[in-house]
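First up is the structure itself, then whatever we jot down about it.
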Amino acid sequence: MMRFLARRLVTTIPALWLILTMVFLLVRLVPGDPVRQMLGEGARAEDVTQLRHALGLDQSVVAQYGRYLFHALRGNLGTSFRFREPVARIVLQRLPATLELALVALFVSAVLAIPAGLLAAQYRGGVTDRAVNILSLTGLSIPNFALGPLLIVVFAVKLGWLPVSGRGGLAHLVLPGITMGLGLAAILTRMVRVAVAQELGSDYVRTARAKGLTEAQVLLRHALPNSLLPILTILGLQFGTLLAGAIVTETIFSWPGIGRLAVQAIEARDYPLLQGCILATATCYVIVNLLTDLLYAAADPRVRL
């Protein structure tokens, strides 16, 4: 197990370096001048030149990249142009909110998708299977930017059951968690249905039924555990997608997370802050994929080989 973990850690190092490089280059493609954004269009040329020199933006891209990589390896992501604070501190303050929202969305999707997928697999080809397929297709067809405002109008404005926006108690997590979780639930339902249905046709399942086990025991004790690898794959990949896709949901619900912070950084042409937001999201994605690989090894020891 330790050798497997060591191999996976080694492969993440080039991935993180590529992420650092791509983040630096892609941020430079954002149109606009951060100095003009900070000083205004009517600023004097001397002030513009002085501030650009103070921020290091008058250097070549290669020099800026070398400085950025050197400081990033030491944990220094620079200072935000807009907030005048270290980027690492700002990102670490906002990251827990995004992770909290993503975990709630993942929980919502698992609670909805696993039972629905099991039912669809058990009664495949029947009315239940077709109903689950229709519901999952509906969930895939509704984007977050449409579902979020719809939930706000119904449950916050009309019924007054839940808060409209902001971060507070559990009530503030319901609407954004459902908004992010329904799309993942639709994908996960189909994956659970396919994986479990394939296992239900195996010889060991027929043997379990011949021993007199109930259908619930066959599903939960035999078919579902042996279907975990593709399910874990979807959960791991989609968790990273939730982190990246939180931009829309956090903006709709004014959720103080990384996604909303990235939008503010784009509006202000805040290069260091935007780099920090993208880097934090990408690093979390790499870590989640590493943890998924470890869960593979725990669920199926053959993966270690």
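In the structure tokens, chains take letters A, B, ... by order of appearance, with residues numbered from 1 within each chain and ligands from 1 in the order shown.
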Quiz item: DSSP says helix (DSSP H, G or I) for which residues of segment 105-266 of chain A? Put them as a ChimeraX atom specification?
Solution: /A:105-122,127-141,144-158,171-200,203-210,215-223,225-252,258-266
Quiz prompt | Near-segment 162-173 of chain A list (10 Å; only C-alpha atoms; drop same-chain fewer than 4 positions) as a PyMOL selection string | solution = chain A and resi 97+100-101+104-105+149+151-157+177-179+250-257
Quiz prompt | Distance criterion (only C-alpha atoms): nearest to Leu55 of chain A out of A:Thr79, A:His222, A:Arg74, A:Ala102 | solution = A:Thr79
Quiz prompt | Nearby residues (only C-alpha atoms) at most 8 Å from segment 285-291 of chain A, same-chain spacing under 5 positions excluded, as number ranges by chain | solution = A: 8-9, 12, 15-16, 236-237, 239-240, 243
Quiz item: How far is it from atom CA of Ala195 of chain A to atom CA of Thr138 of chain A, in Å with one decimal?
Solution: 20.9 Å
Self-check item: Exercise: segment 65-68 of chain A partners within 9 Å, only C-alpha atoms, chain neighbours under 3 positions left out, as an MDAnalysis selection string
Solution: chainID A and resid 21 24:25 60:62 71:73 76:78
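Restricting the calculation to only C-alpha atoms, the smallest distance between Met191 of chain A and any of A:Pro115, A:Pro230, A:Gly126, A:Gly259 is found for A:Pro230.
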Exercise. Kindly indicate which residue among A:Ser136, A:Asn144, A:Thr281, A:Gln198 lies nearest to Ala185 of chain A, using only C-alpha atoms for the distances.
Key: A:Ser136
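Shortest separation to Gln275 of chain A among A:Leu99, A:Ala63, A:Ala88, A:Leu51 occurs at residue A:Ala88, atoms counted being only C-alpha atoms.
Taking only C-alpha atoms into account, Leu200 of chain A lies nearest to A:Tyr123 out of the set A:Tyr123, A:Trp17, A:Phe70, A:Tyr271.
In this comparison, which uses only C-alpha atoms, the residue of A:Ile114, A:Val205, A:Leu69, A:Ile19 approaching Leu188 of chain A most closely is A:Ile114.
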Quiz item: What is the atom CA of Ala120 of chain A to atom CA of Arg209 of chain A distance in Å?
Solution: 18.8 Å
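Using only C-alpha atoms, the contacts of Ser227 of chain A at a cut-off of 8 Å, with sequence neighbours closer than 6 positions omitted, comprise Val192, Ala195, Val196 and Glu199 of chain A.
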Now that the selection is made, can you save its residues with C-alpha atoms as a short mmCIF file (atom, residue, chain, number, x, y, z; two decimals), in the first residue's frame?
data_model
loop_
_atom_site.label_atom_id
_atom_site.label_comp_id
_atom_site.auth_asym_id
_atom_site.auth_seq_id
_atom_site.Cartn_x
_atom_site.Cartn_y
_atom_site.Cartn_z
CA VAL A 192 -24.91 3.10 -10.41
CA ALA A 195 -22.61 -0.95 -12.80
CA VAL A 196 -25.08 -2.76 -10.52
CA GLU A 199 -23.06 -7.29 -11.49
#
